[in-house]
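final21.txt follows; it contains compact mmCIF, C-alpha atoms.
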```txt
# COMPACT_ATOMS: atom_id res chain seq x y z
CA ALA A 278 0.00 0.00 0.00
CA GLU A 279 1.15 3.51 -0.73
CA LEU A 280 1.01 6.35 1.75
CA LEU A 281 -0.39 9.64 0.54
CA VAL A 282 0.10 13.08 2.04
CA ALA A 283 -2.50 15.48 0.66
CA LEU A 284 -3.74 19.04 1.15
CA SER A 285 -7.24 20.28 1.87
CA SER A 286 -8.46 23.75 2.74
CA SER A 287 -11.02 25.80 4.55
CA PRO A 288 -12.61 27.52 2.76
CA ALA A 289 -12.78 24.66 0.26
CA ILE A 290 -12.69 26.99 -2.75
CA LEU A 291 -9.59 29.17 -2.84
CA THR A 292 -10.23 31.15 -6.03
CA GLN A 293 -12.11 34.07 -4.44
CA LEU A 294 -9.97 34.89 -1.38
CA SER A 295 -9.94 38.37 0.10
CA ILE A 296 -7.06 40.24 1.69
CA GLY A 297 -7.18 39.63 5.44
CA GLU A 298 -9.30 36.45 5.21
CA THR A 299 -7.97 33.54 7.28
CA VAL A 300 -7.29 30.36 5.29
CA THR A 301 -6.58 27.00 6.96
CA ILE A 302 -4.66 24.32 5.09
CA ALA A 303 -4.65 20.73 6.41
CA VAL A 304 -1.81 18.34 5.61
CA ALA A 305 -3.25 14.84 5.98
CA LEU A 306 -1.92 11.30 5.83
CA SER A 307 -3.83 8.40 4.29
CA GLY A 308 -2.98 4.84 3.31
CA LEU A 309 -1.47 3.75 6.63
CA ALA A 310 -2.67 0.18 7.19
CA GLY A 311 -4.06 -0.92 10.55
CA GLY A 312 -1.24 -2.01 12.85
CA ASP A 313 1.45 -0.12 10.91
CA GLU A 314 3.29 2.68 12.73
CA LEU A 315 5.41 5.56 11.48
CA GLU A 316 8.46 6.71 13.37
CA LEU A 317 9.09 9.50 10.85
CA LEU A 318 6.71 11.66 8.84
CA ALA A 319 7.76 14.89 7.17
CA ALA A 320 6.04 17.33 4.82
CA THR A 321 6.87 20.73 3.37
CA VAL A 322 4.28 23.01 1.79
CA THR A 323 5.49 25.95 -0.29
CA TYR A 324 3.50 28.88 -1.68
CA GLN A 325 3.89 32.49 -2.82
CA GLY A 326 4.65 34.22 0.48
CA ASP A 327 4.25 37.75 -0.87
CA VAL A 328 0.58 36.94 -1.50
CA LEU A 329 -0.35 34.66 1.44
CA GLY A 330 2.11 35.81 4.12
CA ALA A 331 3.56 33.70 6.93
CA SER A 332 2.24 30.34 8.12
CA VAL A 333 1.08 29.50 11.65
CA ILE A 334 1.25 25.73 12.31
CA THR A 335 -0.93 23.58 14.59
CA PRO A 336 -0.07 19.89 15.27
CA GLY A 337 -2.59 17.37 13.92
CA HIS A 338 -4.58 14.73 15.78
CA ILE A 339 -2.51 11.77 14.49
CA LEU A 340 0.53 12.86 16.50
CA PRO A 341 1.11 11.06 19.80
CA ASP A 342 -0.22 13.05 22.73
CA PRO A 343 1.86 13.51 24.73
CA LEU A 344 4.96 13.29 22.55
CA ASP A 345 7.69 10.99 23.82
CA ASP A 346 10.02 14.01 23.63
CA PRO A 347 9.10 17.66 22.90
CA LEU A 348 11.60 17.58 20.03
CA ASP A 349 9.72 14.73 18.30
CA PHE A 350 7.64 17.30 16.37
CA LEU A 351 9.51 20.26 14.86
CA THR A 352 8.12 22.96 12.58
CA VAL A 353 9.23 25.83 10.40
CA GLU A 354 6.71 28.63 10.06
CA ASP A 355 7.72 31.41 7.72
CA VAL A 356 6.70 33.46 4.71
CA GLY A 357 6.05 31.04 1.85
CA ILE A 358 6.64 27.80 3.76
CA ALA A 359 4.97 25.49 6.27
CA ASP A 360 7.23 22.60 7.22
CA ALA A 361 6.87 19.89 9.87
CA ILE A 362 8.71 16.74 10.83
CA PHE A 363 7.77 14.06 13.30
CA LEU A 364 10.65 11.79 14.31
CA THR A 365 10.65 9.64 17.41
CA PHE A 366 13.08 7.24 18.99
CA GLY A 367 10.40 6.24 21.52
CA THR A 368 10.10 2.53 22.20
CA GLU A 369 6.35 2.28 22.87
CA PRO A 370 3.71 2.00 20.11
CA SER A 371 2.02 5.07 21.60
CA ASP A 372 5.18 7.05 20.73
CA ARG A 373 4.61 6.56 16.98
CA ILE A 374 1.99 7.63 14.42
CA GLY A 375 -0.48 4.75 14.09
CA GLN A 376 -3.44 6.27 12.26
CA ASN A 377 -4.48 8.25 9.19
CA GLY A 378 -5.66 11.84 9.46
CA VAL A 379 -4.36 15.39 9.85
CA PHE A 380 -0.59 15.52 10.39
CA PHE A 381 -0.57 19.29 10.82
CA SER A 382 -2.53 22.30 9.69
CA PHE A 383 -1.52 25.87 9.16
CA MET A 384 -3.17 29.22 8.73
CA VAL A 385 -2.25 31.95 6.30
CA THR A 386 -3.79 35.37 5.77
CA PRO A 387 -3.70 36.85 2.26
CA GLN A 388 -1.60 40.02 2.21
CA ASP A 389 -1.86 41.07 -1.42
CA LEU A 390 -3.74 40.40 -4.64
CA GLY A 391 -2.39 37.55 -6.73
CA ALA A 392 -2.60 33.88 -7.59
CA GLY A 393 -0.49 30.79 -7.11
CA THR A 394 -0.36 27.28 -5.74
CA LEU A 395 0.09 25.65 -2.37
CA GLU A 396 2.09 22.52 -3.06
CA LEU A 397 3.74 19.70 -1.19
CA SER A 398 7.36 20.14 -2.26
CA PHE A 399 8.61 17.33 0.03
CA VAL A 400 7.12 14.30 1.79
CA ASP A 401 8.91 11.45 3.54
CA ALA A 402 8.15 8.62 5.97
CA LEU A 403 9.78 5.73 7.79
CA GLN A 404 7.72 2.85 9.09
CA TYR A 405 8.58 1.09 12.33
CA ASN A 406 9.90 -2.42 11.72
CA PRO A 407 8.89 -4.73 14.61
CA ALA A 408 11.20 -7.47 13.26
CA ASP A 409 14.24 -5.15 13.50
CA PRO A 410 13.58 -1.85 15.32
CA PHE A 411 16.95 -0.49 14.13
CA ASP A 412 16.12 -1.05 10.45
CA PRO A 413 12.97 0.92 9.58
CA ILE A 414 10.87 0.11 6.52
CA VAL A 415 10.91 2.74 3.76
CA PRO A 416 7.28 2.87 2.57
CA SER A 417 6.12 4.13 -0.77
CA ILE A 418 4.82 7.68 -0.26
CA SER A 419 3.51 10.34 -2.60
CA ALA A 420 2.35 13.93 -2.44
CA GLY A 421 -1.19 14.92 -3.35
CA ALA A 422 -2.18 17.53 -5.91
CA PRO A 423 -1.42 21.21 -5.33
CA LEU A 424 -4.16 23.66 -4.38
CA ASN A 425 -4.62 26.69 -6.63
CA TYR A 426 -5.62 29.97 -5.04
CA GLN A 427 -6.39 33.52 -6.06
CA VAL A 428 -6.73 36.64 -3.94
CA VAL A 429 -9.15 39.06 -5.61
CA PRO A 430 -10.34 42.58 -4.80
CA GLU A 431 -13.31 42.68 -2.45
CA PRO A 432 -16.57 43.24 -4.35
CA SER A 433 -17.48 46.18 -2.11
CA GLY A 434 -14.16 47.84 -2.92
CA MET A 435 -14.78 47.36 -6.62
CA ILE A 436 -18.30 48.77 -6.34
CA LEU A 437 -17.02 51.81 -4.45
CA GLY A 438 -14.41 52.33 -7.15
CA VAL A 439 -17.01 52.18 -9.93
CA VAL A 440 -19.31 54.57 -8.01
CA ALA A 441 -16.41 56.98 -7.43
CA LEU A 442 -15.55 56.96 -11.15
CA ALA A 443 -19.20 57.55 -12.06
CA VAL A 444 -19.43 60.51 -9.66
CA LEU A 445 -16.20 62.00 -11.01
CA SER A 446 -17.46 61.55 -14.55
CA LEU A 447 -20.72 63.33 -13.74
CA MET A 448 -18.85 66.13 -11.97
CA CYS A 449 -16.58 66.61 -14.98
CA LYS A 450 -19.57 66.70 -17.35
CA GLY A 451 -21.28 69.25 -15.11
CA ARG A 452 -18.22 71.53 -15.17
CA LYS A 453 -17.97 71.36 -18.96
CA LYS A 454 -21.57 72.60 -19.29
CA THR A 455 -20.93 75.61 -17.01
CA ASP A 456 -17.66 76.61 -18.72
```
Could I get this structure in the form of structure tokens?
Amino acid sequence: AELLVALSSSPAILTQLSIGETVTIAVALSGLAGGDELELLAATVTYQGDVLGASVITPGHILPDPLDDPLDFLTVEDVGIADAIFLTFGTEPSDRIGQNGVFFSFMVTPQDLGAGTLELSFVDALQYNPADPFDPIVPSISAGAPLNYQVVPEPSGMILGVVALAVLSLMCKGRKKTD
């Protein structure tokens, strides 16, 4: 079986985003068979940071709680990137990832008009090997499709702009008649 790391979003449709609107992106794992456990899972999402700004990461529900060690889950939150890695040397099954679901999520807030893609530029995993704990299994893993987004002007701002142009046009026509 192949593992899949895929993206989903809230709102689900990302083609009509507004500046200042909060967008949540979930990075989720699927394909992990019952009884299998991961001792490493890593994913990197990249996007146009000048449009969407910096990421704010939240750990997902598939991570062990509590972690065997606070350093078992490390993240990089920055402009244009959301990166997380889970790596444990814990010896108990509860120290490893043993289920499918959200690995991590992150929020971005559009800063400017524009379009682009959120894409998984890196995914990796190591499966715990009960026959030889010091020789993990390298599973087949793939990254899901990118998410396209577009930040557009707010309709109210566009309407105000059209109204302002109409008023200016009428004012200019009125001045021409009196001159």
At most 10 Å from (9.4, -1.3, 11.3), file frame, all atoms listed in the file: which residues, as a list in words?
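Selection result: Asp313, Glu314, Leu315, Glu316, Leu403, Gln404, Tyr405, Asn406, Pro407, Ala408, Asp409, Pro410, Phe411, Asp412, Pro413, Ile414, Val415 and Pro416 of chain A.
Each of A:Leu395, A:Met384, A:Leu340, A:Ala320 was checked against Asn425 in chain A using all atoms listed in the file; the smallest atom-to-atom distance is that of A:Leu395.
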Between CA of Pro430 in chain A and CA of Ser295 in chain A, distance in Å (one decimal)
6.5 Å
Between CA of Val304 in chain A and CA of Thr368 in chain A, what distance in Å does the model show, to one decimal?
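CA of Thr368 in chain A lies 25.8 Å from CA of Val304 in chain A.
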For CA of Leu344 in chain A and CA of Ala305 in chain A, determine how far apart the two atoms are, in Å to one decimal place.
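So the answer is 18.6 Å.
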Within 6 Å of Ser398 in chain A using only C-alpha atoms, minus same-chain residues under 2 positions, as an mmCIF file with C-alpha atoms, keeping the file's coordinate frame:
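Below you can see part17.cif, which holds the result:
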```cif
data_model
loop_
_atom_site.group_PDB
_atom_site.id
_atom_site.type_symbol
_atom_site.label_atom_id
_atom_site.label_comp_id
_atom_site.auth_asym_id
_atom_site.auth_seq_id
_atom_site.Cartn_x
_atom_site.Cartn_y
_atom_site.Cartn_z
ATOM 1 C CA THR A 321 6.870 20.730 3.370
ATOM 2 C CA VAL A 322 4.280 23.010 1.790
ATOM 3 C CA GLU A 396 2.090 22.520 -3.060
#
```
Residue contacts of Leu294 in chain A (12 Å, all atoms listed in the file) excluding same-chain residues fewer than 3 positions away, as a PyMOL selection string:
chain A and resi 286-291+297-301+328-329+385-393+425-432
Let's have the selection written as a CSV table (one decimal), in the coordinates of the input, with C-alpha atoms.
```
chain,number,residue,atom,x,y,z
A,286,SER,CA,-8.5,23.8,2.7
A,287,SER,CA,-11.0,25.8,4.6
A,288,PRO,CA,-12.6,27.5,2.8
A,289,ALA,CA,-12.8,24.7,0.3
A,290,ILE,CA,-12.7,27.0,-2.8
A,291,LEU,CA,-9.6,29.2,-2.8
A,297,GLY,CA,-7.2,39.6,5.4
A,298,GLU,CA,-9.3,36.4,5.2
A,299,THR,CA,-8.0,33.5,7.3
A,300,VAL,CA,-7.3,30.4,5.3
A,301,THR,CA,-6.6,27.0,7.0
A,328,VAL,CA,0.6,36.9,-1.5
A,329,LEU,CA,-0.4,34.7,1.4
A,385,VAL,CA,-2.2,32.0,6.3
A,386,THR,CA,-3.8,35.4,5.8
A,387,PRO,CA,-3.7,36.8,2.3
A,388,GLN,CA,-1.6,40.0,2.2
A,389,ASP,CA,-1.9,41.1,-1.4
A,390,LEU,CA,-3.7,40.4,-4.6
A,391,GLY,CA,-2.4,37.6,-6.7
A,392,ALA,CA,-2.6,33.9,-7.6
A,393,GLY,CA,-0.5,30.8,-7.1
A,425,ASN,CA,-4.6,26.7,-6.6
A,426,TYR,CA,-5.6,30.0,-5.0
A,427,GLN,CA,-6.4,33.5,-6.1
A,428,VAL,CA,-6.7,36.6,-3.9
A,429,VAL,CA,-9.2,39.1,-5.6
A,430,PRO,CA,-10.3,42.6,-4.8
A,431,GLU,CA,-13.3,42.7,-2.4
A,432,PRO,CA,-16.6,43.2,-4.4
```
Can you work out which one of A:Val379, A:Leu364, A:Ala359, A:Ala303 has the shortest atom-to-atom distance to Ile339 in chain A, counting all atoms listed in the file?
A:Val379
Choose the residue, out of A:Ser285, A:Ser419, A:Gln293, A:Thr335, that has the smallest atom-to-atom separation from Ala361 in chain A; count all atoms listed in the file.
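Of all the options, A:Thr335 lies closest to Ala361 in chain A.
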For Ser307 in chain A, which of A:Ala422, A:Leu281, A:Val356, A:Ala331 is the closest residue, counting all atoms listed in the file?
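Nearest to Ser307 in chain A: A:Leu281.
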Find the residue from A:Leu306, A:Leu397, A:Ala278, A:Leu284 that sits nearest to Ile358 in chain A; use all atoms listed in the file when measuring.
A:Leu397
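Candidate residues A:Thr394, A:Ser382, A:Ser417, A:Asn377 were compared for distance to Ser332 in chain A, and the nearest is A:Ser382, using all atoms listed in the file.
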Which residues are near Leu348 in chain A? Cut-off 10 Å, all atoms listed in the file, ignore same chain within fewer than 3 positions. Put them as a JSON list (two decimals) with C-alpha atoms, in the frame of the given file.
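Full text of result.json as output:
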```json
[["chain", "number", "residue", "atom", "x", "y", "z"],
["A", 344, "LEU", "CA", 4.96, 13.29, 22.55],
["A", 345, "ASP", "CA", 7.69, 10.99, 23.82],
["A", 351, "LEU", "CA", 9.51, 20.26, 14.86],
["A", 352, "THR", "CA", 8.12, 22.96, 12.58],
["A", 362, "ILE", "CA", 8.71, 16.74, 10.83],
["A", 363, "PHE", "CA", 7.77, 14.06, 13.30],
["A", 364, "LEU", "CA", 10.65, 11.79, 14.31],
["A", 365, "THR", "CA", 10.65, 9.64, 17.41]]
```
